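Trainee: Structure below; questions to follow.
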Amino acid sequence: MSARDEIFASIRRSLGVKGNEAIRRQIVQDRLERAPKGVIPTRGQVSGEERIALFRTMAEASLATVTEVGSPAEVPQSVALYLRNHNLPATVRMGDDPRLKTMPWSETTLEISHGPSQGGDLNAVSHAFGGVAETGTLAMISGPENPSTLNFLPDNHIIVVSAKDIASDYESVWNRVRFAFGKGSMPRTVNWITGPSRSGDIEQTLLLGAHGPRRLHVIVVQE
Amino acid sequence: MTVHTTSPQFKQNAARALHDPQLQKALNNVKQGFIDKRQAAADKLPEFEALRDSARDIKNHTLEHLDLYLEAYEEKVKASGGHVHFARNADEAREIILNICRDAGAKTVTKGKSMISEEIGINHYLEANGIRPVETDLGEYIIQLRNELPSHIIAPAVHLNATQVEQDFRRVHTHLDAKRDLSEPVQLLTEARAVLRERFLAADVGITGANFLVAETGTSIIVTNEGNGDLTQILPKTHIVLASIEKLVPTLEDASQLLRVLARSATGQEMSVYTTFSTGPRRSGDADGPENYHVVMIDNGRSSMLGTSFEEMLRCIRCGACMNHCPVYHAVGGHAYGWVYPGPMGAVLTPSLIGVDKAGHLPNASTFCGRCESVCPVRIPLPKLMRHWREREFERHLTPASVRSGLRLWGFFAKRPALYRFATRAAMATLGFAGRQRGRFSWLPLAKGWTKHRDFPAPEGETFQARWQRERNRRAA
């Protein structure tokens, strides 16, 4: 018997089942189909301005910084201002996200390059798939639009998120993922990001910038 | 079995730990930080207790249908272009991992933090076969430099102080200026970041664990604060996920319930910094990510825990709250437990995995204060399970003769209530009289184990039962 078959046999022996019981199969299939939600904290169950405000509060509690702009056209200036305020070079790396591409980057003096990171980029800009107000979390999806390496290799990560994509809870984001990719399918990688990289491994002291970005800045776009 | 164990020498390990000033200093960080942070996070979320119930129920449901969820998961991983391998034990797991690494032509392998990888002792095995494993979690990196096991499941280097880390970095990072300043923890972090960044970019294979596996989608989930797990899995050509079979949950919703209790219980964070959901290898059009995605499903004793009283232990999500709140762990640290898993969860799991004959001391190393159970996010009755091990140890005659005869003597009296009351009253009266001056004893016959370290408080001359009877009569009157 293969290792696989023996493990299944051992599990079934211990549980006292054969594996072909129709009722058990039905229960499992139902659960996978229906994906019941469980307990959803009321904290995030607010809408409009209140939800954006909660997202901001929670993201800032995770030591990210947050700024709000009135339209996508204001994003490049906001990025330039952030870099200038932190004395960072005016260079950014980003993917091929169509929402980022249509923004007026030429109105700034920023030097833009495109593609994944090989490790040499100081600043990156990504567009989030969505946000979660409950904990100030951003949901990123892999692909050429927003390569995953940009989430981790640069020192300073700027994430753009549309206010309308900020959901109350994680479950609402999963609903959108299912709508976009089909039930039971997932993008290669979904990254939930809540604040900049950190470690407490030396004497349990919180230090920022462990292996990922030292700074996380979020730009919330209204409209 | 797998990793060398010193669990049979728990008593000597504990004695050594109690006399280690560096360790005692470091353990203060556990007592101070974790408990308050967890409490604050729990207090901030009114649904926290309901989420704990939900988390427990999800794990119970999954374990009851583990064979079917495992089938569904395997199918989904394959559909997304990944490979699933099954390993009955540590030997098989190591062999599978080595073969994948060889196929990838690997010289170096980066590793995210994974307790199952400690359990199967993969690092030494890869090294013995000419492949260099590099731990990338800061704490794991530090203990790898020291050739130690983690002393805590989420804070592996919690037994060390910054000065010790500085010494290790100076010893190993010889390519750097010997006169550099490393007096601040942030300088140590910065140095590790720079050294490991090169390793990340050079690695041929990345190995991570999995906090959860999702049957609905064939997804593996890792949770980190550093981002090391992500750099481990997106940069090399091949990503290997190591997971024990009980990591499965049915759906993304179920995983989200568990994630809501994990970080809060572990570090008191609302959510860890990086929660990553990986499904298969690089897709067409992807500009980055691994080209090969392998999952090694490891049993190593779990399947035979199902259907027994120890099935409840398989709910464990490895948050570390039980050890953060354990007075025994606070006193002796994690290494005294002598194997991979320390603290209360280790005291229950270790005998299941390496045998109660080797690990029998661990379930005895408990005051049964119950704090571990009161904070466990999946409500594992840890004291009850430790008691089960004590019973099994007794049944199998593994308990020392002196303890057995002591218990027999106590049992003789306990089964004869009148005699018991008479004997205890006489004893308490005698001790109360003898100790009436000082109120304590610095020496007592047969009690050296206690009085060597502290005074024994003198009884007030009356037994609890006598006082209870008296109070009850008084109130009834």
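In the structure tokens, chains take letters A, B, ... by order of appearance, with residues numbered from 1 within each chain and ligands from 1 in the order shown.
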Might you pull out every residue within 12 Å of Arg178 of chain A, with only C-alpha atoms counted and same-chain residues fewer than 6 positions away left off, and present them as a short mmCIF file (atom, residue, chain, number, x, y, z; two decimals) with C-alpha atoms, in the first residue's frame?
Mentor:
data_model
loop_
_atom_site.label_atom_id
_atom_site.label_comp_id
_atom_site.auth_asym_id
_atom_site.auth_seq_id
_atom_site.Cartn_x
_atom_site.Cartn_y
_atom_site.Cartn_z
CA GLU A 33 -20.47 24.58 -1.37
CA ALA A 35 -19.01 28.05 2.99
CA GLU A 171 -15.64 37.38 4.13
CA SER A 172 -16.77 40.21 1.83
CA GLY A 184 -13.24 27.19 -5.52
CA SER A 185 -10.55 28.93 -7.56
CA MET A 186 -7.95 31.31 -6.29
CA PRO A 187 -5.31 33.61 -7.71
CA GLU B 216 -12.22 24.33 -0.82
CA THR B 217 -9.45 25.87 -2.92
CA LEU B 252 -11.77 30.31 3.28
CA GLU B 253 -14.49 31.41 5.72
#
Trainee: Determine, using only C-alpha atoms, which residues of chain A have any atom at most 6 Å from an atom of chain B, and tabulate each with its shortest atom pair and distance in Å to one decimal place, rows ordered by chain and then rising number, as a Markdown table.
Mentor:
| residue | atom | partner | partner_atom | distance |
| --- | --- | --- | --- | --- |
| A:Ala3 | CA | B:Arg88 | CA | 5.8 |
| A:Arg4 | CA | B:Phe86 | CA | 5.2 |
| A:Ser10 | CA | B:Ser303 | CA | 5.9 |
| A:Ile11 | CA | B:Ser303 | CA | 4.9 |
| A:Ser14 | CA | B:Gly307 | CA | 5.2 |
| A:Leu15 | CA | B:Gly307 | CA | 5.3 |
| A:Leu32 | CA | B:Glu216 | CA | 5.7 |
| A:Ala35 | CA | B:Thr251 | CA | 5.9 |
| A:Lys37 | CA | B:Glu253 | CA | 5.5 |
| A:Pro41 | CA | B:Glu47 | CA | 5.9 |
| A:Gly143 | CA | B:Asp286 | CA | 4.9 |
| A:Pro144 | CA | B:Asp286 | CA | 5.2 |
| A:Gly184 | CA | B:Thr217 | CA | 4.8 |
| A:Ser185 | CA | B:Thr217 | CA | 5.7 |
| A:Arg188 | CA | B:Thr279 | CA | 4.9 |
| A:Thr189 | CA | B:Ser278 | CA | 4.7 |
| A:Val190 | CA | B:Phe277 | CA | 5.0 |
| A:Asn191 | CA | B:Thr276 | CA | 4.6 |
| A:Trp192 | CA | B:Thr275 | CA | 5.0 |
| A:Ile193 | CA | B:Tyr274 | CA | 5.0 |
| A:Thr194 | CA | B:Val273 | CA | 4.5 |
| A:Gly195 | CA | B:Val273 | CA | 5.6 |
| A:Ser197 | CA | B:Glu226 | CA | 4.9 |
| A:Arg198 | CA | B:Glu226 | CA | 5.0 |
| A:Ser199 | CA | B:Glu226 | CA | 5.6 |
| A:Asp201 | CA | B:Gly139 | CA | 5.2 |
| A:Glu203 | CA | B:Asn161 | CA | 5.9 |
| A:Ala210 | CA | B:Glu226 | CA | 5.1 |
| A:His211 | CA | B:Glu226 | CA | 5.4 |
| A:Gly212 | CA | B:Gly227 | CA | 5.1 |
Trainee: Those same residues, written as a PDB file, in the first residue's frame with N, CA and C atoms?
Mentor:
ATOM      1  N   ALA A   3       2.061   5.181   0.691  1.00  0.00           N
ATOM      2  CA  ALA A   3       1.986   6.000   1.900  1.00  0.00           C
ATOM      3  C   ALA A   3       0.641   6.720   1.950  1.00  0.00           C
ATOM      4  N   ARG A   4       0.221   7.205   0.785  1.00  0.00           N
ATOM      5  CA  ARG A   4      -1.050   7.916   0.720  1.00  0.00           C
ATOM      6  C   ARG A   4      -2.202   7.024   1.179  1.00  0.00           C
ATOM      7  N   SER A  10      -5.466   4.647   7.773  1.00  0.00           N
ATOM      8  CA  SER A  10      -5.267   4.854   9.208  1.00  0.00           C
ATOM      9  C   SER A  10      -6.256   5.878   9.763  1.00  0.00           C
ATOM     10  N   ILE A  11      -6.471   6.965   9.013  1.00  0.00           N
ATOM     11  CA  ILE A  11      -7.454   7.967   9.446  1.00  0.00           C
ATOM     12  C   ILE A  11      -8.825   7.314   9.579  1.00  0.00           C
ATOM     13  N   SER A  14      -9.125   4.947  12.531  1.00  0.00           N
ATOM     14  CA  SER A  14      -9.252   5.677  13.805  1.00  0.00           C
ATOM     15  C   SER A  14     -10.632   6.310  13.967  1.00  0.00           C
ATOM     16  N   LEU A  15     -11.178   6.823  12.864  1.00  0.00           N
ATOM     17  CA  LEU A  15     -12.491   7.471  12.950  1.00  0.00           C
ATOM     18  C   LEU A  15     -13.627   6.457  12.917  1.00  0.00           C
ATOM     19  N   LEU A  32     -18.451  22.697   1.757  1.00  0.00           N
ATOM     20  CA  LEU A  32     -17.584  23.302   0.745  1.00  0.00           C
ATOM     21  C   LEU A  32     -18.389  24.192  -0.203  1.00  0.00           C
ATOM     22  N   ALA A  35     -20.020  27.254   2.280  1.00  0.00           N
ATOM     23  CA  ALA A  35     -19.014  28.054   2.993  1.00  0.00           C
ATOM     24  C   ALA A  35     -19.650  28.972   4.035  1.00  0.00           C
ATOM     25  N   LYS A  37     -20.472  31.375   7.123  1.00  0.00           N
ATOM     26  CA  LYS A  37     -19.610  32.475   7.553  1.00  0.00           C
ATOM     27  C   LYS A  37     -19.113  32.412   8.991  1.00  0.00           C
ATOM     28  N   PRO A  41     -17.395  39.808  13.515  1.00  0.00           N
ATOM     29  CA  PRO A  41     -17.405  40.894  14.504  1.00  0.00           C
ATOM     30  C   PRO A  41     -18.237  42.095  14.020  1.00  0.00           C
ATOM     31  N   GLY A 143      -0.006  38.671  -9.857  1.00  0.00           N
ATOM     32  CA  GLY A 143      -0.213  38.774 -11.303  1.00  0.00           C
ATOM     33  C   GLY A 143       0.670  39.864 -11.861  1.00  0.00           C
ATOM     34  N   PRO A 144       0.727  39.981 -13.183  1.00  0.00           N
ATOM     35  CA  PRO A 144       1.585  41.008 -13.788  1.00  0.00           C
ATOM     36  C   PRO A 144       1.144  42.432 -13.406  1.00  0.00           C
ATOM     37  N   GLY A 184     -14.210  28.274  -5.666  1.00  0.00           N
ATOM     38  CA  GLY A 184     -13.245  27.187  -5.521  1.00  0.00           C
ATOM     39  C   GLY A 184     -11.921  27.446  -6.213  1.00  0.00           C
ATOM     40  N   SER A 185     -11.817  28.584  -6.914  1.00  0.00           N
ATOM     41  CA  SER A 185     -10.545  28.926  -7.563  1.00  0.00           C
ATOM     42  C   SER A 185      -9.943  30.138  -6.875  1.00  0.00           C
ATOM     43  N   ARG A 188      -2.954  32.899  -7.766  1.00  0.00           N
ATOM     44  CA  ARG A 188      -1.808  32.172  -7.218  1.00  0.00           C
ATOM     45  C   ARG A 188      -1.527  32.610  -5.782  1.00  0.00           C
ATOM     46  N   THR A 189      -1.496  33.913  -5.565  1.00  0.00           N
ATOM     47  CA  THR A 189      -1.223  34.387  -4.218  1.00  0.00           C
ATOM     48  C   THR A 189      -2.186  35.501  -3.839  1.00  0.00           C
ATOM     49  N   VAL A 190      -2.748  35.393  -2.642  1.00  0.00           N
ATOM     50  CA  VAL A 190      -3.440  36.523  -2.030  1.00  0.00           C
ATOM     51  C   VAL A 190      -2.628  36.901  -0.792  1.00  0.00           C
ATOM     52  N   ASN A 191      -2.193  38.153  -0.732  1.00  0.00           N
ATOM     53  CA  ASN A 191      -1.482  38.624   0.459  1.00  0.00           C
ATOM     54  C   ASN A 191      -2.381  39.563   1.244  1.00  0.00           C
ATOM     55  N   TRP A 192      -2.635  39.197   2.498  1.00  0.00           N
ATOM     56  CA  TRP A 192      -3.242  40.172   3.410  1.00  0.00           C
ATOM     57  C   TRP A 192      -2.087  40.897   4.089  1.00  0.00           C
ATOM     58  N   ILE A 193      -2.099  42.212   4.021  1.00  0.00           N
ATOM     59  CA  ILE A 193      -1.020  42.990   4.635  1.00  0.00           C
ATOM     60  C   ILE A 193      -1.611  43.934   5.674  1.00  0.00           C
ATOM     61  N   THR A 194      -1.090  43.848   6.892  1.00  0.00           N
ATOM     62  CA  THR A 194      -1.567  44.699   7.985  1.00  0.00           C
ATOM     63  C   THR A 194      -0.357  45.366   8.632  1.00  0.00           C
ATOM     64  N   GLY A 195       0.050  46.494   8.092  1.00  0.00           N
ATOM     65  CA  GLY A 195       1.190  47.223   8.654  1.00  0.00           C
ATOM     66  C   GLY A 195       2.507  46.821   8.012  1.00  0.00           C
ATOM     67  N   SER A 197       6.520  45.406   7.896  1.00  0.00           N
ATOM     68  CA  SER A 197       7.238  44.238   8.429  1.00  0.00           C
ATOM     69  C   SER A 197       7.842  44.538   9.800  1.00  0.00           C
ATOM     70  N   ARG A 198       7.858  43.526  10.665  1.00  0.00           N
ATOM     71  CA  ARG A 198       8.397  43.725  12.018  1.00  0.00           C
ATOM     72  C   ARG A 198       8.854  42.406  12.609  1.00  0.00           C
ATOM     73  N   SER A 199       9.627  42.506  13.682  1.00  0.00           N
ATOM     74  CA  SER A 199      10.025  41.309  14.422  1.00  0.00           C
ATOM     75  C   SER A 199      10.096  41.627  15.902  1.00  0.00           C
ATOM     76  N   ASP A 201      11.678  39.188  17.789  1.00  0.00           N
ATOM     77  CA  ASP A 201      12.456  38.014  18.176  1.00  0.00           C
ATOM     78  C   ASP A 201      13.650  38.315  19.077  1.00  0.00           C
ATOM     79  N   GLU A 203      14.625  39.814  22.383  1.00  0.00           N
ATOM     80  CA  GLU A 203      14.126  40.266  23.691  1.00  0.00           C
ATOM     81  C   GLU A 203      12.690  40.785  23.624  1.00  0.00           C
ATOM     82  N   ALA A 210      11.772  44.091   9.355  1.00  0.00           N
ATOM     83  CA  ALA A 210      12.521  42.840   9.522  1.00  0.00           C
ATOM     84  C   ALA A 210      13.031  42.367   8.157  1.00  0.00           C
ATOM     85  N   HIS A 211      12.169  41.782   7.332  1.00  0.00           N
ATOM     86  CA  HIS A 211      12.610  41.352   6.004  1.00  0.00           C
ATOM     87  C   HIS A 211      11.839  42.068   4.902  1.00  0.00           C
ATOM     88  N   GLY A 212      10.642  42.496   5.216  1.00  0.00           N
ATOM     89  CA  GLY A 212       9.810  43.203   4.255  1.00  0.00           C
ATOM     90  C   GLY A 212       9.954  44.705   4.432  1.00  0.00           C
TER      91      GLY A 212
END
Trainee: Using DSSP assignments from the backbone, pull out every residue in segment 120-193 of chain A that falls under strand (DSSP E or B) and give it to me as a compact mmCIF listing (two decimals) with C-alpha atoms, in the first residue's frame.
Mentor:
# COMPACT_ATOMS: atom_id res chain seq x y z
CA ASN A 123 10.12 52.27 -3.40
CA ALA A 124 7.16 50.41 -4.87
CA VAL A 125 3.56 51.29 -5.63
CA SER A 126 0.87 48.59 -5.82
CA HIS A 127 -2.88 48.69 -6.26
CA GLY A 130 -9.46 45.52 -1.57
CA GLY A 131 -9.22 46.48 2.06
CA VAL A 132 -10.77 45.23 5.30
CA THR A 137 -5.85 45.02 6.34
CA LEU A 138 -5.10 45.25 2.59
CA ALA A 139 -5.79 42.37 0.22
CA MET A 140 -3.29 42.06 -2.65
CA ILE A 141 -3.61 39.72 -5.61
CA ASN A 156 9.00 51.53 1.23
CA HIS A 157 5.71 50.16 -0.01
CA ILE A 158 2.89 52.45 -1.08
CA ILE A 159 -0.47 50.74 -1.59
CA VAL A 160 -3.31 52.44 -3.44
CA VAL A 161 -6.81 51.26 -2.57
CA SER A 162 -10.19 52.46 -3.84
CA ILE A 166 -12.75 48.70 1.43
CA ALA A 167 -15.03 46.04 2.88
CA THR A 189 -1.22 34.39 -4.22
CA VAL A 190 -3.44 36.52 -2.03
CA ASN A 191 -1.48 38.62 0.46
CA TRP A 192 -3.24 40.17 3.41
CA ILE A 193 -1.02 42.99 4.64
Trainee: Find the residues near Leu382 of chain B: any atom within 10 Å, counting only C-alpha atoms, skip ones fewer than 6 places away on the same chain, and give them as JSON, numbers by chain.
Mentor: {"B": [310, 312, 313, 322, 344, 345, 346, 347, 348, 349, 363, 368, 370, 371, 372, 373, 374, 376, 388]}
Trainee: With only C-alpha atoms as the atoms that count, which of B:Arg390, B:Arg132, B:Arg199, B:Lys107 lies nearest to Gly119 of chain A?
Mentor: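 Nearest to Gly119 of chain A: B:Arg199.
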Trainee: Please provide as a list of chain:residue names all residues within 8 Å of Thr232 of chain B, with the sequence filter that same-chain residues fewer than 4 positions apart are discarded (counting only C-alpha atoms).
Mentor: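 That gives B:Thr110, B:Lys111, B:Gly112, B:Thr136, B:Phe200, B:Gly206, B:Ile207, B:Thr208, B:Asn228, B:Pro236, B:His239.
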Trainee: Output N, CA and C atoms for every residue in the selection just made, as a PDB file, in the first residue's frame.
Mentor:
ATOM      1  N   THR B 110      16.120  28.168   1.343  1.00  0.00           N
ATOM      2  CA  THR B 110      15.687  29.048   2.429  1.00  0.00           C
ATOM      3  C   THR B 110      14.461  28.435   3.092  1.00  0.00           C
ATOM      4  N   LYS B 111      14.292  28.773   4.362  1.00  0.00           N
ATOM      5  CA  LYS B 111      13.198  28.166   5.119  1.00  0.00           C
ATOM      6  C   LYS B 111      12.425  29.205   5.901  1.00  0.00           C
ATOM      7  N   GLY B 112      11.116  29.128   5.804  1.00  0.00           N
ATOM      8  CA  GLY B 112      10.264  29.895   6.702  1.00  0.00           C
ATOM      9  C   GLY B 112      10.100  29.095   7.978  1.00  0.00           C
ATOM     10  N   THR B 136      15.161  31.658   7.953  1.00  0.00           N
ATOM     11  CA  THR B 136      15.063  33.086   7.649  1.00  0.00           C
ATOM     12  C   THR B 136      14.244  33.881   8.651  1.00  0.00           C
ATOM     13  N   PHE B 200      18.048  34.965   0.423  1.00  0.00           N
ATOM     14  CA  PHE B 200      16.736  34.872  -0.236  1.00  0.00           C
ATOM     15  C   PHE B 200      16.903  34.865  -1.754  1.00  0.00           C
ATOM     16  N   GLY B 206      12.521  27.098  -1.727  1.00  0.00           N
ATOM     17  CA  GLY B 206      12.025  27.692  -0.485  1.00  0.00           C
ATOM     18  C   GLY B 206      11.095  26.708   0.213  1.00  0.00           C
ATOM     19  N   ILE B 207      11.334  26.487   1.499  1.00  0.00           N
ATOM     20  CA  ILE B 207      10.484  25.575   2.266  1.00  0.00           C
ATOM     21  C   ILE B 207       9.738  26.373   3.328  1.00  0.00           C
ATOM     22  N   THR B 208       8.415  26.260   3.340  1.00  0.00           N
ATOM     23  CA  THR B 208       7.633  26.890   4.404  1.00  0.00           C
ATOM     24  C   THR B 208       6.762  25.836   5.077  1.00  0.00           C
ATOM     25  N   ASN B 228       9.413  37.054   6.020  1.00  0.00           N
ATOM     26  CA  ASN B 228      10.432  36.083   5.598  1.00  0.00           C
ATOM     27  C   ASN B 228       9.817  34.887   4.880  1.00  0.00           C
ATOM     28  N   PRO B 236      12.485  31.693  -4.940  1.00  0.00           N
ATOM     29  CA  PRO B 236      13.077  30.512  -5.593  1.00  0.00           C
ATOM     30  C   PRO B 236      12.142  29.899  -6.637  1.00  0.00           C
ATOM     31  N   HIS B 239       8.761  25.929  -4.551  1.00  0.00           N
ATOM     32  CA  HIS B 239       8.234  26.143  -3.202  1.00  0.00           C
ATOM     33  C   HIS B 239       7.732  24.815  -2.661  1.00  0.00           C
TER      34      HIS B 239
END
